[in-house]
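Below is the file upload_0.pdb, which contains PDB, C-alpha atoms and all ligand atoms.
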MODEL        1
ATOM      1  CA  MET A   1     160.298  62.008 124.507
ATOM      2  CA  ASN A   2     159.299  65.643 124.235
ATOM      3  CA  LEU A   3     158.537  67.038 127.683
ATOM      4  CA  LEU A   4     157.833  70.526 126.445
ATOM      5  CA  ALA A   5     154.278  71.778 126.041
ATOM      6  CA  PRO A   6     153.337  72.696 122.479
ATOM      7  CA  VAL A   7     154.227  76.214 121.339
ATOM      8  CA  ARG A   8     151.384  78.679 121.960
ATOM      9  CA  ARG A   9     149.239  79.245 118.898
ATOM     10  CA  ASP A  10     149.953  82.968 118.984
ATOM     11  CA  ARG A  11     153.710  82.335 118.816
ATOM     12  CA  ILE A  12     153.617  80.694 115.409
ATOM     13  CA  LEU A  13     155.344  82.539 112.576
ATOM     14  CA  ALA A  14     154.717  81.466 109.022
ATOM     15  CA  GLU A  15     156.029  84.640 107.386
ATOM     16  CA  LEU A  16     158.770  87.183 107.979
ATOM     17  CA  PRO A  17     157.281  90.031 110.065
ATOM     18  CA  GLN A  18     157.997  93.381 108.439
ATOM     19  CA  CYS A  19     160.151  96.193 109.805
ATOM     20  CA  LEU A  20     158.686  99.392 111.208
ATOM     21  CA  ARG A  21     160.739 101.841 109.113
ATOM     22  CA  LYS A  22     162.659 100.952 105.984
ATOM     23  CA  GLU A  23     165.137 103.779 106.661
ATOM     24  CA  ALA A  24     166.476 101.933 109.695
ATOM     25  CA  SER A  25     165.911  98.274 109.132
ATOM     26  CA  LEU A  26     168.242  95.291 109.260
ATOM     27  CA  HIS A  27     166.637  93.757 106.168
ATOM     28  CA  THR A  28     164.106  95.162 103.778
ATOM     29  CA  HIS A  29     163.358  91.889 102.008
ATOM     30  CA  LYS A  30     159.769  90.738 102.328
ATOM     31  CA  ASP A  31     160.302  87.026 102.905
ATOM     32  CA  PHE A  32     162.714  84.746 104.696
ATOM     33  CA  HIS A  33     165.912  83.944 102.813
ATOM     34  CA  PRO A  34     165.069  81.207 100.250
ATOM     35  CA  ARG A  35     167.792  78.946 101.694
ATOM     36  CA  VAL A  36     166.145  79.219 105.093
ATOM     37  CA  THR A  37     162.650  78.426 103.803
ATOM     38  CA  CYS A  38     164.056  75.505 101.897
ATOM     39  CA  ALA A  39     166.052  74.138 104.833
ATOM     40  CA  CYS A  40     162.937  74.284 107.031
ATOM     41  CA  GLN A  41     160.850  72.424 104.465
ATOM     42  CA  GLU A  42     163.500  69.732 104.201
ATOM     43  CA  HIS A  43     164.130  69.545 107.981
ATOM     44  CA  ARG A  44     167.764  70.569 107.481
ATOM     45  CA  THR A  45     167.993  73.141 110.275
ATOM     46  CA  GLY A  46     170.490  71.183 112.374
ATOM     47  CA  THR A  47     170.697  72.263 116.003
ATOM     48  CA  VAL A  48     168.176  75.050 115.383
ATOM     49  CA  GLY A  49     164.868  73.531 116.389
ATOM     50  CA  ARG A  50     166.349  70.885 118.625
ATOM     51  CA  PHE A  51     168.148  72.555 121.496
ATOM     52  CA  LYS A  52     168.985  75.987 120.181
ATOM     53  CA  ILE A  53     168.154  78.855 122.528
ATOM     54  CA  SER A  54     168.980  82.318 121.366
ATOM     55  CA  LYS A  55     170.117  84.794 123.993
ATOM     56  CA  VAL A  56     168.779  88.337 123.708
ATOM     57  CA  ILE A  57     169.870  91.079 126.091
ATOM     58  CA  VAL A  58     167.846  94.212 126.801
ATOM     59  CA  VAL A  59     169.853  97.239 127.940
ATOM     60  CA  GLY A  60     169.258 100.965 128.449
ATOM     61  CA  ASP A  61     168.945 103.721 131.043
ATOM     62  CA  LEU A  62     167.076 103.184 134.271
ATOM     63  CA  SER A  63     163.308 103.440 134.086
ATOM     64  CA  VAL A  64     163.119 103.556 130.278
ATOM     65  CA  GLY A  65     160.739 100.596 130.413
ATOM     66  CA  LYS A  66     162.808  97.464 129.739
ATOM     67  CA  THR A  67     160.998  95.291 132.285
ATOM     68  CA  CYS A  68     157.581  96.531 131.166
ATOM     69  CA  LEU A  69     158.429  95.767 127.537
ATOM     70  CA  ILE A  70     159.362  92.166 128.317
ATOM     71  CA  ASN A  71     156.390  91.715 130.632
ATOM     72  CA  ARG A  72     153.940  93.083 128.086
ATOM     73  CA  PHE A  73     155.107  90.543 125.539
ATOM     74  CA  CYS A  74     155.697  87.500 127.758
ATOM     75  CA  LYS A  75     152.917  87.932 130.319
ATOM     76  CA  ASP A  76     150.629  90.508 128.724
ATOM     77  CA  THR A  77     150.783  92.612 131.883
ATOM     78  CA  PHE A  78     151.695  96.210 132.644
ATOM     79  CA  ASP A  79     152.751  97.635 136.027
ATOM     80  CA  LYS A  80     152.583 101.405 136.372
ATOM     81  CA  ASN A  81     154.755 101.309 139.509
ATOM     82  CA  TYR A  82     158.495 101.434 139.044
ATOM     83  CA  LYS A  83     160.499  98.629 140.627
ATOM     84  CA  ALA A  84     164.164  98.734 139.724
ATOM     85  CA  THR A  85     165.648  95.551 138.303
ATOM     86  CA  ILE A  86     168.427  94.364 140.577
ATOM     87  CA  GLY A  87     171.119  92.810 138.426
ATOM     88  CA  VAL A  88     169.272  90.709 135.864
ATOM     89  CA  ASP A  89     166.177  88.680 135.276
ATOM     90  CA  PHE A  90     165.145  86.561 132.324
ATOM     91  CA  GLU A  91     162.125  85.177 130.538
ATOM     92  CA  MET A  92     162.006  82.317 128.104
ATOM     93  CA  GLU A  93     159.722  82.586 125.091
ATOM     94  CA  ARG A  94     159.073  79.739 122.711
ATOM     95  CA  PHE A  95     158.162  80.220 119.056
ATOM     96  CA  GLU A  96     157.563  78.099 116.036
ATOM     97  CA  VAL A  97     159.101  79.630 112.928
ATOM     98  CA  LEU A  98     158.360  78.036 109.536
ATOM     99  CA  GLY A  99     157.362  74.886 111.429
ATOM    100  CA  VAL A 100     160.598  74.752 113.460
ATOM    101  CA  PRO A 101     160.638  75.267 117.257
ATOM    102  CA  PHE A 102     162.822  78.182 118.300
ATOM    103  CA  SER A 103     163.337  79.798 121.726
ATOM    104  CA  LEU A 104     164.401  83.227 122.820
ATOM    105  CA  GLN A 105     165.885  83.836 126.234
ATOM    106  CA  LEU A 106     165.137  87.483 126.996
ATOM    107  CA  TRP A 107     167.537  88.983 129.551
ATOM    108  CA  ASP A 108     166.223  92.035 131.362
ATOM    109  CA  THR A 109     169.180  93.986 132.774
ATOM    110  CA  ALA A 110     169.404  96.746 135.364
ATOM    111  CA  GLY A 111     169.707 100.332 134.160
ATOM    112  CA  GLN A 112     170.690 101.713 137.552
ATOM    113  CA  GLU A 113     174.386 102.512 137.793
ATOM    114  CA  ARG A 114     174.868 100.599 141.071
ATOM    115  CA  PHE A 115     173.523  97.352 139.551
ATOM    116  CA  LYS A 116     175.144  97.776 136.152
ATOM    117  CA  CYS A 117     178.283  95.950 137.183
ATOM    118  CA  ILE A 118     176.357  92.758 138.029
ATOM    119  CA  ALA A 119     174.201  93.060 134.908
ATOM    120  CA  SER A 120     177.147  93.426 132.544
ATOM    121  CA  THR A 121     178.501  90.022 133.560
ATOM    122  CA  TYR A 122     175.475  88.530 131.778
ATOM    123  CA  TYR A 123     176.046  90.312 128.455
ATOM    124  CA  ARG A 124     178.255  87.582 126.984
ATOM    125  CA  GLY A 125     176.911  85.226 124.313
ATOM    126  CA  ALA A 126     174.097  87.465 123.109
ATOM    127  CA  GLN A 127     172.794  86.916 119.604
ATOM    128  CA  ALA A 128     170.716  90.080 119.705
ATOM    129  CA  ILE A 129     171.000  93.305 121.665
ATOM    130  CA  ILE A 130     167.945  95.452 122.279
ATOM    131  CA  ILE A 131     168.854  98.978 123.355
ATOM    132  CA  VAL A 132     165.879 100.768 124.857
ATOM    133  CA  PHE A 133     165.420 104.524 125.293
ATOM    134  CA  ASN A 134     162.464 106.661 126.345
ATOM    135  CA  LEU A 135     160.897 108.512 123.402
ATOM    136  CA  ASN A 136     160.208 111.401 125.768
ATOM    137  CA  ASP A 137     163.738 111.759 127.073
ATOM    138  CA  VAL A 138     166.449 112.709 124.604
ATOM    139  CA  THR A 139     169.206 112.009 127.146
ATOM    140  CA  SER A 140     168.240 108.357 127.224
ATOM    141  CA  LEU A 141     168.645 108.280 123.433
ATOM    142  CA  GLU A 142     172.088 109.882 123.708
ATOM    143  CA  HIS A 143     173.114 107.200 126.194
ATOM    144  CA  THR A 144     172.231 104.332 123.852
ATOM    145  CA  LYS A 145     175.643 104.414 122.158
ATOM    146  CA  GLN A 146     177.389 103.873 125.471
ATOM    147  CA  TRP A 147     175.046 101.000 126.351
ATOM    148  CA  LEU A 148     175.805  99.413 123.020
ATOM    149  CA  ALA A 149     179.562  99.888 123.401
ATOM    150  CA  ASP A 150     179.438  98.172 126.802
ATOM    151  CA  ALA A 151     177.357  95.273 125.495
ATOM    152  CA  LEU A 152     179.645  94.825 122.490
ATOM    153  CA  LYS A 153     182.715  94.510 124.695
ATOM    154  CA  GLU A 154     181.377  91.083 125.626
ATOM    155  CA  ASN A 155     180.139  90.042 122.170
ATOM    156  CA  ASP A 156     181.239  89.691 118.586
ATOM    157  CA  PRO A 157     179.883  92.785 116.779
ATOM    158  CA  SER A 158     179.802  90.939 113.434
ATOM    159  CA  SER A 159     177.434  88.244 114.614
ATOM    160  CA  VAL A 160     174.934  90.111 116.721
ATOM    161  CA  LEU A 161     171.637  91.701 115.667
ATOM    162  CA  LEU A 162     170.952  95.189 116.997
ATOM    163  CA  PHE A 163     167.612  96.816 117.758
ATOM    164  CA  LEU A 164     167.057 100.387 118.927
ATOM    165  CA  VAL A 165     163.692 100.662 120.661
ATOM    166  CA  GLY A 166     161.942 103.886 121.656
ATOM    167  CA  SER A 167     159.563 103.206 124.556
ATOM    168  CA  LYS A 168     156.517 104.950 126.096
ATOM    169  CA  LYS A 169     155.098 106.027 122.751
ATOM    170  CA  ASP A 170     151.738 106.627 124.424
ATOM    171  CA  LEU A 171     153.231 109.626 126.266
ATOM    172  CA  SER A 172     154.306 111.535 123.125
ATOM    173  CA  THR A 173     152.114 113.774 120.996
ATOM    174  CA  PRO A 174     152.403 113.050 117.258
ATOM    175  CA  ALA A 175     154.550 116.194 116.832
ATOM    176  CA  GLN A 176     156.902 115.254 119.675
ATOM    177  CA  TYR A 177     157.119 111.731 118.345
ATOM    178  CA  ALA A 178     157.983 112.907 114.827
ATOM    179  CA  LEU A 179     160.859 115.007 116.152
ATOM    180  CA  MET A 180     162.249 112.228 118.322
ATOM    181  CA  GLU A 181     161.888 109.665 115.548
ATOM    182  CA  LYS A 182     164.122 111.762 113.303
ATOM    183  CA  ASP A 183     166.916 111.733 115.875
ATOM    184  CA  ALA A 184     166.395 108.064 116.652
ATOM    185  CA  LEU A 185     166.581 107.084 112.977
ATOM    186  CA  LYS A 186     169.924 108.884 112.720
ATOM    187  CA  VAL A 187     171.309 106.987 115.715
ATOM    188  CA  ALA A 188     169.890 103.693 114.449
ATOM    189  CA  LYS A 189     171.623 104.157 111.085
ATOM    190  CA  GLU A 190     174.875 105.091 112.745
ATOM    191  CA  ILE A 191     174.961 102.062 115.007
ATOM    192  CA  LYS A 192     173.412  99.772 112.349
ATOM    193  CA  ALA A 193     170.401  98.880 114.434
ATOM    194  CA  GLU A 194     166.794  98.371 113.426
ATOM    195  CA  PHE A 195     164.510 101.062 114.849
ATOM    196  CA  TRP A 196     161.196 100.406 116.624
ATOM    197  CA  ALA A 197     158.823 102.581 118.645
ATOM    198  CA  VAL A 198     156.571 100.852 121.164
ATOM    199  CA  SER A 199     154.240 101.352 124.098
ATOM    200  CA  SER A 200     154.069  98.725 126.808
ATOM    201  CA  LEU A 201     151.069 100.509 128.291
ATOM    202  CA  THR A 202     148.890 100.130 125.200
ATOM    203  CA  GLY A 203     150.847  97.224 123.678
ATOM    204  CA  GLU A 204     151.418  99.150 120.423
ATOM    205  CA  ASN A 205     154.041  97.387 118.269
ATOM    206  CA  VAL A 206     155.243  95.154 121.128
ATOM    207  CA  ARG A 207     154.198  91.835 119.617
ATOM    208  CA  GLU A 208     155.282  92.912 116.124
ATOM    209  CA  PHE A 209     158.677  93.898 117.491
ATOM    210  CA  PHE A 210     159.415  90.633 119.311
ATOM    211  CA  PHE A 211     158.183  88.598 116.365
ATOM    212  CA  ARG A 212     160.639  90.475 114.216
ATOM    213  CA  VAL A 213     163.445  89.794 116.726
ATOM    214  CA  ALA A 214     162.567  86.096 116.780
ATOM    215  CA  ALA A 215     162.311  85.847 113.000
ATOM    216  CA  LEU A 216     165.587  87.627 112.190
ATOM    217  CA  ASN A 217     167.380  85.650 114.880
ATOM    218  CA  PHE A 218     165.989  82.406 113.585
ATOM    219  CA  GLU A 219     167.010  83.294 110.022
ATOM    220  CA  ALA A 220     170.562  84.169 111.100
ATOM    221  CA  ASN A 221     170.848  80.937 113.096
ATOM    222  CA  VAL A 222     169.654  78.725 110.246
ATOM    223  CA  LEU A 223     171.974  80.434 107.755
ATOM    224  CA  ALA A 224     174.907  79.936 110.134
ATOM    225  CA  GLU A 225     173.939  76.306 110.600
ATOM    226  CA  LEU A 226     173.772  75.742 106.823
ATOM    227  CA  GLU A 227     177.163  77.316 106.367
ATOM    228  CA  LYS A 228     178.609  75.151 109.114
ATOM    229  CA  SER A 229     177.146  71.907 107.773
ATOM    230  CA  GLY A 230     178.284  72.798 104.236
ATOM    231  CA  ALA A 231     181.845  73.299 105.466
ATOM    232  CA  ARG A 232     181.677  70.081 107.465
ATOM    233  CA  ARG A 233     180.458  68.072 104.483
ATOM    234  CA  ILE A 234     183.343  69.308 102.345
ATOM    235  CA  GLY A 235     185.773  68.724 105.227
ATOM    236  CA  ASP A 236     184.502  65.154 105.690
ATOM    237  CA  VAL A 237     185.280  64.257 102.080
ATOM    238  CA  VAL A 238     188.793  65.621 102.361
ATOM    239  CA  GLN A 239     189.366  63.853 105.648
ATOM    240  CA  THR A 240     188.071  60.547 104.311
ATOM    241  CA  PHE A 241     190.263  60.597 101.263
ATOM    242  CA  HIS A 242     193.290  62.462 102.482
ATOM    243  CA  PRO A 243     195.086  59.408 103.995
ATOM    244  CA  PHE A 244     195.042  57.875 100.530
ATOM    245  CA  ALA A 245     196.307  60.985  98.800
ATOM    246  CA  GLY A 246     199.438  59.198  97.604
ATOM    247  CA  ILE A 247     197.361  56.421  96.067
ATOM    248  CA  ASN A 248     194.468  58.406  94.781
ATOM    249  CA  SER A 249     195.949  61.092  92.588
ATOM    250  CA  ASP A 250     192.496  62.548  92.022
ATOM    251  CA  ASP A 251     192.209  63.557  95.650
ATOM    252  CA  SER A 252     192.114  67.322  94.884
ATOM    253  CA  ASN A 253     189.354  66.714  92.360
ATOM    254  CA  LEU A 254     187.286  65.022  94.993
ATOM    255  CA  TYR A 255     187.556  68.134  97.137
ATOM    256  CA  LEU A 256     186.486  70.328  94.260
ATOM    257  CA  THR A 257     183.680  67.995  93.290
ATOM    258  CA  ALA A 258     182.374  68.126  96.825
ATOM    259  CA  SER A 259     182.547  71.890  97.110
ATOM    260  CA  LYS A 260     181.012  72.494  93.708
ATOM    261  CA  LYS A 261     178.349  69.858  94.064
ATOM    262  CA  LYS A 262     175.003  71.406  93.191
ATOM    263  CA  PRO A 263     172.676  71.645  96.169
ATOM    264  CA  THR A 264     169.417  69.773  95.918
ATOM    265  CA  CYS A 265     167.440  72.866  96.735
ATOM    266  CA  CYS A 266     167.481  76.616  96.083
ATOM    267  CA  HIS A 267     170.631  78.399  97.363
TER     268      HIS A 267
HETATM  269  N1  LIG A 301     153.157 105.453 130.106
HETATM  270  C1  LIG A 301     154.043 104.460 130.027
HETATM  271  N2  LIG A 301     154.812 104.144 131.095
HETATM  272  C2  LIG A 301     155.695 103.127 130.978
HETATM  273  C3  LIG A 301     155.841 102.393 129.766
HETATM  274  N3  LIG A 301     156.793 101.469 129.953
HETATM  275  C4  LIG A 301     157.205 101.603 131.222
HETATM  276  N4  LIG A 301     156.554 102.591 131.842
HETATM  277  C5  LIG A 301     156.731 103.037 133.244
HETATM  278  O1  LIG A 301     158.091 103.415 133.416
HETATM  279  C6  LIG A 301     158.579 103.031 134.691
HETATM  280  C7  LIG A 301     159.838 102.190 134.559
HETATM  281  O2  LIG A 301     159.549 101.000 133.885
HETATM  282  P1  LIG A 301     160.483  99.702 133.984
HETATM  283  O3  LIG A 301     160.044  98.767 132.966
HETATM  284  O4  LIG A 301     160.539  99.225 135.376
HETATM  285  O5  LIG A 301     161.907 100.341 133.624
HETATM  286  P2  LIG A 301     163.312  99.608 133.479
HETATM  287  O6  LIG A 301     163.955 100.155 132.260
HETATM  288  O7  LIG A 301     163.148  98.149 133.539
HETATM  289  O8  LIG A 301     164.086 100.135 134.763
HETATM  290  P3  LIG A 301     165.403  99.499 135.503
HETATM  291  O9  LIG A 301     165.025  98.155 135.974
HETATM  292  O10 LIG A 301     165.727 100.421 136.623
HETATM  293  O11 LIG A 301     166.510  99.485 134.537
HETATM  294  C8  LIG A 301     157.409 102.282 135.386
HETATM  295  O12 LIG A 301     156.765 103.166 136.251
HETATM  296  C9  LIG A 301     156.513 101.884 134.220
HETATM  297  O13 LIG A 301     155.159 101.780 134.585
HETATM  298  C10 LIG A 301     155.016 102.745 128.652
HETATM  299  O14 LIG A 301     155.051 102.177 127.567
HETATM  300  N5  LIG A 301     154.148 103.797 128.848
ENDMDL
END
Please express the file's structure as structure tokens.
Ligand SMILES: Nc1nc2c(ncn2[C@@H]2O[C@H](COP(=O)(O)OP(=O)(O)OP(=O)(O)O)[C@@H](O)[C@H]2O)c(=O)[nH]1
Amino acid sequence: MNLLAPVRRDRILAELPQCLRKEASLHTHKDFHPRVTCACQEHRTGTVGRFKISKVIVVGDLSVGKTCLINRFCKDTFDKNYKATIGVDFEMERFEVLGVPFSLQLWDTAGQERFKCIASTYYRGAQAIIIVFNLNDVTSLEHTKQWLADALKENDPSSVLLFLVGSKKDLSTPAQYALMEKDALKVAKEIKAEFWAVSSLTGENVREFFFRVAALNFEANVLAELEKSGARRIGDVVQTFHPFAGINSDDSNLYLTASKKKPTCCH
């Protein structure tokens, strides 16, 4: 029995949302990986779509706009008054990607030094890290590397997606923005993060950004799941036949046959 309400119509993704700037993007390909599209069509996404929830943490200096960013996307609200986040808070957002349900758990963490210690205990297990800075405050951009280093202490750098997000775009003139973007692109390249510039006040790029986060996360999860199930299938054959290795001299061939077996779909 499915007790969950259907996914909101405006959370349905049928295509891969595009990056903001190709210079600092995690992927420049236009569509989802063909193996992912194929797995979704054939309902071979394993735990993704059943009970998979992807944890995303949002870090950055105090008052850069982390809470406002999450609230603009999840609740479509904006509060002009600053209320510091104490420790952490989280929102759950459900999507449907290529027909498969997929959820993001968005963790809003405190930027204030005195709450940082509590917040950092929630960094572990993140599949994506969003590092936010204020487009009108170069110091907050400089601090992003330290925020990332702290978040990576608790996570495996090779399996986490990174996003560098410049906030409060509405407060910059085009000339100021252009200057800051140059610096931000450099940092993004250095830390291997995808760059975005948003405004939670106007909503500019907010939806596009989170759709991109959801899509790339989903893609990474399905690819990992396919890899895992492929390895398991090969392992199963070996396990099944291994006890008879002395009898069945072709045992090694079985292993090879299994691993070389042509997939039924595009890979
Ligand atoms: N003009 C403008 N102001 C913003 C924007 N985003 C946030 N703010 C303002 O910036 C202040 C701080 O925003 P928050 O979202 O609370 O900042 P935070 O990063 O969550 O702060 P901490 O919880 O202390 O880490 C508030 O007064 C917001 O109204 C934006 O896009 N444009």
Resolved residues for the PyMOL selection byres (((not hetatm)) within 8 of (chain A and resi 301)) as a compact mmCIF listing (two decimals) with C-alpha atoms, in the coordinates of the input:
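Output saved as part02.txt:
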# COMPACT_ATOMS: atom_id res chain seq x y z
CA VAL A 59 169.85 97.24 127.94
CA GLY A 60 169.26 100.96 128.45
CA ASP A 61 168.94 103.72 131.04
CA LEU A 62 167.08 103.18 134.27
CA SER A 63 163.31 103.44 134.09
CA VAL A 64 163.12 103.56 130.28
CA GLY A 65 160.74 100.60 130.41
CA LYS A 66 162.81 97.46 129.74
CA THR A 67 161.00 95.29 132.28
CA CYS A 68 157.58 96.53 131.17
CA LEU A 69 158.43 95.77 127.54
CA PHE A 78 151.70 96.21 132.64
CA ASP A 79 152.75 97.64 136.03
CA LYS A 80 152.58 101.40 136.37
CA ASN A 81 154.76 101.31 139.51
CA TYR A 82 158.50 101.43 139.04
CA LYS A 83 160.50 98.63 140.63
CA ALA A 84 164.16 98.73 139.72
CA THR A 85 165.65 95.55 138.30
CA ILE A 86 168.43 94.36 140.58
CA ASP A 108 166.22 92.04 131.36
CA THR A 109 169.18 93.99 132.77
CA ALA A 110 169.40 96.75 135.36
CA GLY A 111 169.71 100.33 134.16
CA GLN A 112 170.69 101.71 137.55
CA VAL A 132 165.88 100.77 124.86
CA SER A 167 159.56 103.21 124.56
CA LYS A 168 156.52 104.95 126.10
CA LYS A 169 155.10 106.03 122.75
CA ASP A 170 151.74 106.63 124.42
CA LEU A 171 153.23 109.63 126.27
CA VAL A 198 156.57 100.85 121.16
CA SER A 199 154.24 101.35 124.10
CA SER A 200 154.07 98.72 126.81
CA LEU A 201 151.07 100.51 128.29
CA THR A 202 148.89 100.13 125.20
CA GLY A 203 150.85 97.22 123.68
> From the set A:Tyr122, A:Phe90, A:Trp147, A:Phe73, which residue has the shortest atom-to-atom contact distance to A:Phe211, counting all atoms listed in the file?
Replying inline: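 Among the listed residues, A:Phe73 lies closest to A:Phe211.
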>> Translate the PyMOL selection byres (((chain A and resi 99) around 10) and not hetatm) into a concrete residue list for this structure, as a list in words.
In response: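 Selected by the PyMOL selection byres (((chain A and resi 99) around 10) and not hetatm) here: Ile12, Leu13, Ala14, Thr37, Cys40, Gln41, His43, Gly49, Phe95, Glu96, Val97, Leu98, Val100, Pro101 and Phe102 of chain A.
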> A:Lys145, A:Lys192, A:Arg212, A:Lys55: which is nearest A:Leu106, counting only C-alpha atoms?
Replying inline: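 Distance minimum relative to A:Leu106 lands on A:Lys55.
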Give me the result of the PyMOL selection byres (((chain A and resi 151-166) around 6) and not hetatm) on this file, residue by residue, as a tab-separated table (two decimals) with C-alpha atoms, in the frame of the given file.
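Final file, selection-v5.tsv:
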chain	number	residue	atom	x	y	z
A	123	TYR	CA	176.05	90.31	128.46
A	124	ARG	CA	178.26	87.58	126.98
A	127	GLN	CA	172.79	86.92	119.60
A	128	ALA	CA	170.72	90.08	119.70
A	129	ILE	CA	171.00	93.30	121.66
A	130	ILE	CA	167.94	95.45	122.28
A	131	ILE	CA	168.85	98.98	123.36
A	132	VAL	CA	165.88	100.77	124.86
A	133	PHE	CA	165.42	104.52	125.29
A	134	ASN	CA	162.46	106.66	126.34
A	135	LEU	CA	160.90	108.51	123.40
A	148	LEU	CA	175.80	99.41	123.02
A	149	ALA	CA	179.56	99.89	123.40
A	150	ASP	CA	179.44	98.17	126.80
A	167	SER	CA	159.56	103.21	124.56
A	193	ALA	CA	170.40	98.88	114.43
A	194	GLU	CA	166.79	98.37	113.43
A	195	PHE	CA	164.51	101.06	114.85
A	196	TRP	CA	161.20	100.41	116.62
A	197	ALA	CA	158.82	102.58	118.64
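Distance check against A:Arg207 using only C-alpha atoms: of A:Asn136, A:Gln18, A:Gln146, A:Thr45, the minimum falls on A:Gln18.
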> So what do you get for atom CA of A:Asn205 versus atom CA of A:Lys22, distance-wise?
Replying inline: 15.4 Å
> Could you state the separation of atom CA of A:Val48 and atom CA of A:Arg8 in Å, given to one decimal place?
Replying inline: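 Going from atom CA of A:Val48 over to atom CA of A:Arg8 covers 18.4 Å.
Across the model, the gap from atom CA of A:Glu181 to atom CA of A:Asn71 is 24.1 Å.
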What are the centre and the three edge lengths of an axis-aligned box that wraps all atoms of stretch 18-21 of chain A in the file, given that 4 Å is added to every side, written as AutoDock Vina command-line options and rounded to one decimal in Å?
--center_x 159.4 --center_y 97.6 --center_z 109.8 --size_x 10.7 --size_y 16.5 --size_z 10.8
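Of the listed residues A:Pro6, A:Leu223, A:Lys116, A:Val206, the one whose atoms come nearest to A:Phe32 is A:Leu223, with distances taken using all atoms listed in the file.
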Need the shell around A:Leu104: protein/DNA/RNA residues with any atom at most 7 Å away, counting all atoms listed in the file. Skip same-chain ones fewer than 3 positions apart. Format as a PDB file with C-alpha atoms, in the coordinates of the input?
ATOM      1  CA  ILE A  53     168.154  78.855 122.528  1.00  0.00           C
ATOM      2  CA  SER A  54     168.980  82.318 121.366  1.00  0.00           C
ATOM      3  CA  LYS A  55     170.117  84.794 123.993  1.00  0.00           C
ATOM      4  CA  VAL A  56     168.779  88.337 123.708  1.00  0.00           C
ATOM      5  CA  MET A  92     162.006  82.317 128.104  1.00  0.00           C
ATOM      6  CA  GLU A  93     159.722  82.586 125.091  1.00  0.00           C
ATOM      7  CA  ARG A  94     159.073  79.739 122.711  1.00  0.00           C
ATOM      8  CA  ALA A 214     162.567  86.096 116.780  1.00  0.00           C
TER       9      ALA A 214
END
